[in-house]
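What follows is a single structure, written as C-alpha coordinates, with notes after it.
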Amino acid sequence: MKIFPAIDLKDGKCVRLFKGEFMSAKVVGEDPLQTALNFMNKGAEYLHMVDLDGALRGSIENLNSINKIINDLKIPIQLGGGIRSIDTIDMLINKGLSRVILGTAALNNPSLVKEAVKKFEDKIAIGIDARDGFVAVEGWQKSSKVEYIDFAKQMENIGIKTIIFTDISRDGTLTGPNFEATGKINDQVSCDIIASGGMKNIDDIKKLKEMNIYGAIIGKALYSGNISLEEAILAGRA
(Lines give C-alpha, C1' and ligand atoms only; values in the text may rest on other atoms or scores of the structure.)
Protein backbone atom coordinates (compact mmCIF):
# COMPACT_ATOMS: atom_id res chain seq x y z
CA MET A 1 0.00 0.00 0.00
CA LYS A 2 1.26 3.44 -0.94
CA ILE A 3 1.61 6.11 1.76
CA PHE A 4 0.90 9.73 0.82
CA PRO A 5 1.96 12.38 3.35
CA ALA A 6 -0.29 15.40 2.93
CA ILE A 7 0.32 19.11 2.53
CA ASP A 8 -2.73 21.39 2.55
CA LEU A 9 -1.90 24.88 1.32
CA LYS A 10 -3.61 28.02 2.57
CA ASP A 11 -2.16 31.52 2.20
CA GLY A 12 1.18 29.98 1.21
CA LYS A 13 1.49 27.90 4.39
CA CYS A 14 0.82 24.32 5.43
CA VAL A 15 -2.35 24.02 7.46
CA ARG A 16 -4.66 21.34 8.83
CA LEU A 17 -8.43 21.59 9.00
CA PHE A 18 -10.95 19.97 11.32
CA LYS A 19 -13.82 18.25 9.45
CA GLY A 20 -13.14 20.44 6.43
CA GLU A 21 -14.01 23.69 8.23
CA PHE A 22 -11.87 26.50 6.87
CA MET A 23 -12.28 28.54 10.07
CA SER A 24 -10.53 25.69 11.91
CA ALA A 25 -7.30 26.03 9.89
CA LYS A 26 -4.14 25.76 11.98
CA VAL A 27 -0.70 26.43 10.56
CA VAL A 28 1.51 23.34 10.87
CA GLY A 29 4.33 24.53 8.62
CA GLU A 30 5.42 28.01 7.59
CA ASP A 31 7.45 26.71 4.65
CA PRO A 32 5.64 24.16 2.44
CA LEU A 33 8.80 23.33 0.47
CA GLN A 34 10.72 22.51 3.65
CA THR A 35 7.83 20.36 4.84
CA ALA A 36 7.77 18.50 1.51
CA LEU A 37 11.55 17.98 1.53
CA ASN A 38 11.31 16.69 5.10
CA PHE A 39 8.76 14.08 3.99
CA MET A 40 10.97 13.06 1.07
CA ASN A 41 14.04 12.78 3.30
CA LYS A 42 12.10 10.49 5.63
CA GLY A 43 11.49 8.10 2.75
CA ALA A 44 8.20 9.30 1.26
CA GLU A 45 7.73 7.96 -2.25
CA TYR A 46 4.72 10.17 -3.06
CA LEU A 47 3.27 13.50 -1.95
CA HIS A 48 -0.37 14.55 -1.76
CA MET A 49 -1.14 18.28 -1.97
CA VAL A 50 -4.34 20.30 -1.83
CA ASP A 51 -4.67 24.00 -2.69
CA LEU A 52 -7.38 24.89 -0.15
CA ASP A 53 -7.70 28.47 -1.34
CA GLY A 54 -8.04 27.12 -4.86
CA ALA A 55 -10.77 24.69 -3.84
CA LEU A 56 -12.80 27.59 -2.45
CA ARG A 57 -12.21 30.02 -5.30
CA GLY A 58 -12.15 27.66 -8.25
CA SER A 59 -8.65 28.52 -9.46
CA ILE A 60 -5.08 27.69 -8.43
CA GLU A 61 -4.13 30.18 -5.69
CA ASN A 62 -0.88 28.81 -4.24
CA LEU A 63 1.01 28.34 -7.51
CA ASN A 64 4.24 29.83 -6.15
CA SER A 65 4.50 27.20 -3.39
CA ILE A 66 3.34 24.46 -5.76
CA ASN A 67 5.99 25.37 -8.34
CA LYS A 68 8.78 25.30 -5.76
CA ILE A 69 7.75 21.87 -4.54
CA ILE A 70 7.40 20.41 -8.05
CA ASN A 71 10.83 21.80 -8.99
CA ASP A 72 12.70 20.61 -5.89
CA LEU A 73 11.07 17.28 -5.03
CA LYS A 74 12.35 14.08 -6.63
CA ILE A 75 9.20 12.07 -5.94
CA PRO A 76 5.79 11.98 -7.69
CA ILE A 77 3.26 14.61 -6.57
CA GLN A 78 -0.52 14.66 -6.87
CA LEU A 79 -2.46 17.90 -6.48
CA GLY A 80 -6.10 18.84 -6.08
CA GLY A 81 -8.05 22.00 -5.32
CA GLY A 82 -9.40 24.55 -7.78
CA ILE A 83 -8.49 22.68 -10.95
CA ARG A 84 -11.47 23.36 -13.19
CA SER A 85 -10.19 23.53 -16.79
CA ILE A 86 -8.19 21.54 -19.32
CA ASP A 87 -5.75 24.47 -19.63
CA THR A 88 -4.97 24.32 -15.89
CA ILE A 89 -4.50 20.56 -16.06
CA ASP A 90 -2.20 20.98 -19.07
CA MET A 91 -0.16 23.66 -17.30
CA LEU A 92 0.31 21.60 -14.12
CA ILE A 93 1.29 18.40 -15.91
CA ASN A 94 3.71 20.31 -18.12
CA LYS A 95 5.31 21.70 -14.97
CA GLY A 96 5.98 18.13 -13.83
CA LEU A 97 2.99 17.22 -11.68
CA SER A 98 2.46 13.45 -11.68
CA ARG A 99 -1.27 13.42 -11.09
CA VAL A 100 -4.05 16.01 -11.13
CA ILE A 101 -7.04 15.47 -8.84
CA LEU A 102 -10.43 16.70 -10.03
CA GLY A 103 -13.27 17.08 -7.53
CA THR A 104 -15.86 19.81 -8.03
CA ALA A 105 -15.08 19.98 -11.75
CA ALA A 106 -15.67 16.25 -12.12
CA LEU A 107 -19.14 16.45 -10.59
CA ASN A 108 -20.20 19.61 -12.40
CA ASN A 109 -18.50 18.92 -15.71
CA PRO A 110 -18.05 15.20 -16.56
CA SER A 111 -17.11 16.13 -20.13
CA LEU A 112 -13.95 17.77 -18.73
CA VAL A 113 -13.03 14.45 -17.11
CA LYS A 114 -13.58 12.65 -20.43
CA GLU A 115 -11.38 15.15 -22.25
CA ALA A 116 -8.69 15.01 -19.56
CA VAL A 117 -8.61 11.20 -19.41
CA LYS A 118 -8.40 11.00 -23.20
CA LYS A 119 -5.43 13.37 -23.19
CA PHE A 120 -3.61 12.46 -19.96
CA GLU A 121 -4.90 8.95 -19.11
CA ASP A 122 -3.85 7.83 -15.61
CA LYS A 123 -2.44 11.24 -14.72
CA ILE A 124 -6.03 12.19 -13.88
CA ALA A 125 -7.53 11.14 -10.54
CA ILE A 126 -10.87 11.95 -8.94
CA GLY A 127 -11.31 13.21 -5.40
CA ILE A 128 -14.59 12.03 -3.88
CA ASP A 129 -15.26 13.90 -0.65
CA ALA A 130 -18.38 12.59 1.04
CA ARG A 131 -20.61 13.95 3.77
CA ASP A 132 -23.30 11.52 5.01
CA GLY A 133 -22.76 9.47 1.87
CA PHE A 134 -23.23 12.34 -0.59
CA VAL A 135 -20.52 14.08 -2.62
CA ALA A 136 -19.49 17.53 -1.34
CA VAL A 137 -18.03 20.20 -3.62
CA GLU A 138 -16.47 23.68 -3.69
CA GLY A 139 -14.00 23.17 -0.87
CA TRP A 140 -16.47 20.92 0.97
CA GLN A 141 -18.76 23.91 1.49
CA LYS A 142 -21.70 22.46 -0.46
CA SER A 143 -23.24 19.01 -0.55
CA SER A 144 -24.72 17.54 -3.71
CA LYS A 145 -27.51 14.99 -4.05
CA VAL A 146 -25.16 12.51 -5.71
CA GLU A 147 -24.29 9.39 -3.72
CA TYR A 148 -20.55 8.72 -3.53
CA ILE A 149 -20.77 5.16 -4.89
CA ASP A 150 -22.85 6.26 -7.87
CA PHE A 151 -20.33 8.99 -8.62
CA ALA A 152 -17.42 6.55 -8.33
CA LYS A 153 -19.08 4.21 -10.85
CA GLN A 154 -19.69 7.11 -13.23
CA MET A 155 -16.02 8.09 -13.06
CA GLU A 156 -14.91 4.47 -13.50
CA ASN A 157 -17.03 4.27 -16.67
CA ILE A 158 -15.29 7.37 -18.03
CA GLY A 159 -11.92 5.66 -17.56
CA ILE A 160 -10.64 6.99 -14.23
CA LYS A 161 -8.12 4.63 -12.62
CA THR A 162 -7.55 6.36 -9.24
CA ILE A 163 -10.01 7.74 -6.69
CA ILE A 164 -9.14 9.57 -3.49
CA PHE A 165 -11.97 8.96 -1.04
CA THR A 166 -12.47 11.19 2.01
CA ASP A 167 -15.17 11.03 4.65
CA ILE A 168 -15.29 14.71 5.60
CA SER A 169 -16.66 13.99 9.07
CA ARG A 170 -13.42 12.15 9.90
CA ASP A 171 -10.95 14.59 8.34
CA GLY A 172 -8.53 16.08 10.85
CA THR A 173 -10.23 14.35 13.79
CA LEU A 174 -7.66 11.62 14.54
CA THR A 175 -10.59 9.24 15.12
CA GLY A 176 -9.76 6.77 12.36
CA PRO A 177 -10.97 6.63 8.75
CA ASN A 178 -14.44 5.45 7.77
CA PHE A 179 -13.46 1.86 7.10
CA GLU A 180 -16.97 0.78 6.14
CA ALA A 181 -17.46 3.46 3.47
CA THR A 182 -13.88 3.04 2.20
CA GLY A 183 -14.32 -0.72 1.94
CA LYS A 184 -17.62 -0.29 0.13
CA ILE A 185 -16.19 1.97 -2.58
CA ASN A 186 -13.20 -0.36 -2.95
CA ASP A 187 -15.57 -3.29 -3.50
CA GLN A 188 -17.88 -1.47 -5.91
CA VAL A 189 -15.34 -0.16 -8.44
CA SER A 190 -12.13 -1.45 -9.99
CA CYS A 191 -10.30 1.87 -9.52
CA ASP A 192 -7.35 2.17 -7.13
CA ILE A 193 -8.76 3.71 -3.93
CA ILE A 194 -6.65 6.05 -1.82
CA ALA A 195 -8.16 6.44 1.65
CA SER A 196 -8.15 9.85 3.29
CA GLY A 197 -9.48 11.44 6.45
CA GLY A 198 -9.02 10.64 10.12
CA MET A 199 -5.91 8.42 10.28
CA LYS A 200 -5.06 8.20 13.98
CA ASN A 201 -2.39 5.53 14.43
CA ILE A 202 -0.36 2.85 12.72
CA ASP A 203 -3.13 0.28 13.25
CA ASP A 204 -5.34 2.26 10.86
CA ILE A 205 -2.68 1.91 8.18
CA LYS A 206 -2.34 -1.82 8.81
CA LYS A 207 -6.11 -2.32 8.64
CA LEU A 208 -6.41 -0.44 5.34
CA LYS A 209 -3.63 -2.59 3.92
CA GLU A 210 -5.48 -5.75 5.03
CA MET A 211 -8.54 -4.39 3.19
CA ASN A 212 -6.46 -4.21 -0.03
CA ILE A 213 -6.77 -0.45 -0.24
CA TYR A 214 -4.29 0.97 -2.77
CA GLY A 215 -3.08 3.96 -0.72
CA ALA A 216 -3.51 6.05 2.41
CA ILE A 217 -3.16 9.79 2.87
CA ILE A 218 -1.83 10.88 6.25
CA GLY A 219 -2.00 14.49 7.36
CA LYS A 220 -2.73 15.56 10.91
CA ALA A 221 -1.43 12.31 12.41
CA LEU A 222 2.02 13.03 10.95
CA TYR A 223 2.10 16.63 12.14
CA SER A 224 0.89 15.67 15.63
CA GLY A 225 3.34 12.79 15.93
CA ASN A 226 0.61 10.15 16.25
CA ILE A 227 2.07 8.33 13.25
CA SER A 228 5.70 8.12 12.20
CA LEU A 229 6.07 8.42 8.42
CA GLU A 230 8.88 5.87 8.39
CA GLU A 231 6.74 3.36 10.31
CA ALA A 232 3.74 3.99 8.05
CA ILE A 233 5.83 3.37 4.92
CA LEU A 234 7.13 0.10 6.39
CA ALA A 235 3.59 -0.97 7.33
CA GLY A 236 2.40 -0.20 3.81
CA ARG A 237 5.13 -2.39 2.33
CA ALA A 238 4.73 -5.29 4.79
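Here, A, B, ... name the chains of the C-alpha coordinates in the order displayed, residue numbers run from 1 inside each chain, and ligands are numbered from 1 in the same displayed order.
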Legend entry - Spatial neighbours of A:Arg99, max dist 10 Å, only C-alpha atoms, sep filter under 4 positions, as number ranges by chain: A: 48, 76-80, 89, 92-93, 120-126, 162
Inset, instruction - Within 12 Å of A:Ile163, counting only C-alpha atoms, which residues show up once you throw out same-chain ones fewer than 2 positions away? Write them as an MDAnalysis selection string, please. - result: chainID A and resid 78 80 99:103 106 122:129 148:149 151:156 159:161 165:166 182 185:186 189:196 213:217
Inset, instruction - Pick out the closest residue to A:Val135 from this set: A:Val117, A:Leu107, A:Val50, A:Ile70. Count only C-alpha atoms. - result: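 Residue with the minimum atom-to-atom distance to A:Val135: A:Leu107.
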Legend entry - For A:Asp31: contacts at 8 Å, only C-alpha atoms, fewer than 4 positions along chain excluded, given as a count of residues only: 4
Inset, instruction - Output as a VMD selection string all residues of stretch 88-189 of chain A that backbone DSSP marks as alpha helix (DSSP H). - result: chain A and resid 88 to 95 104 to 108 110 to 120 148 to 158 179 to 188
Legend entry - Distance of atom CA of A:Ser98 from atom CA of A:Gly176, expressed in Å to one decimal place: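 Atom-to-atom, atom CA of A:Gly176 to atom CA of A:Ser98, that is 27.8 Å.
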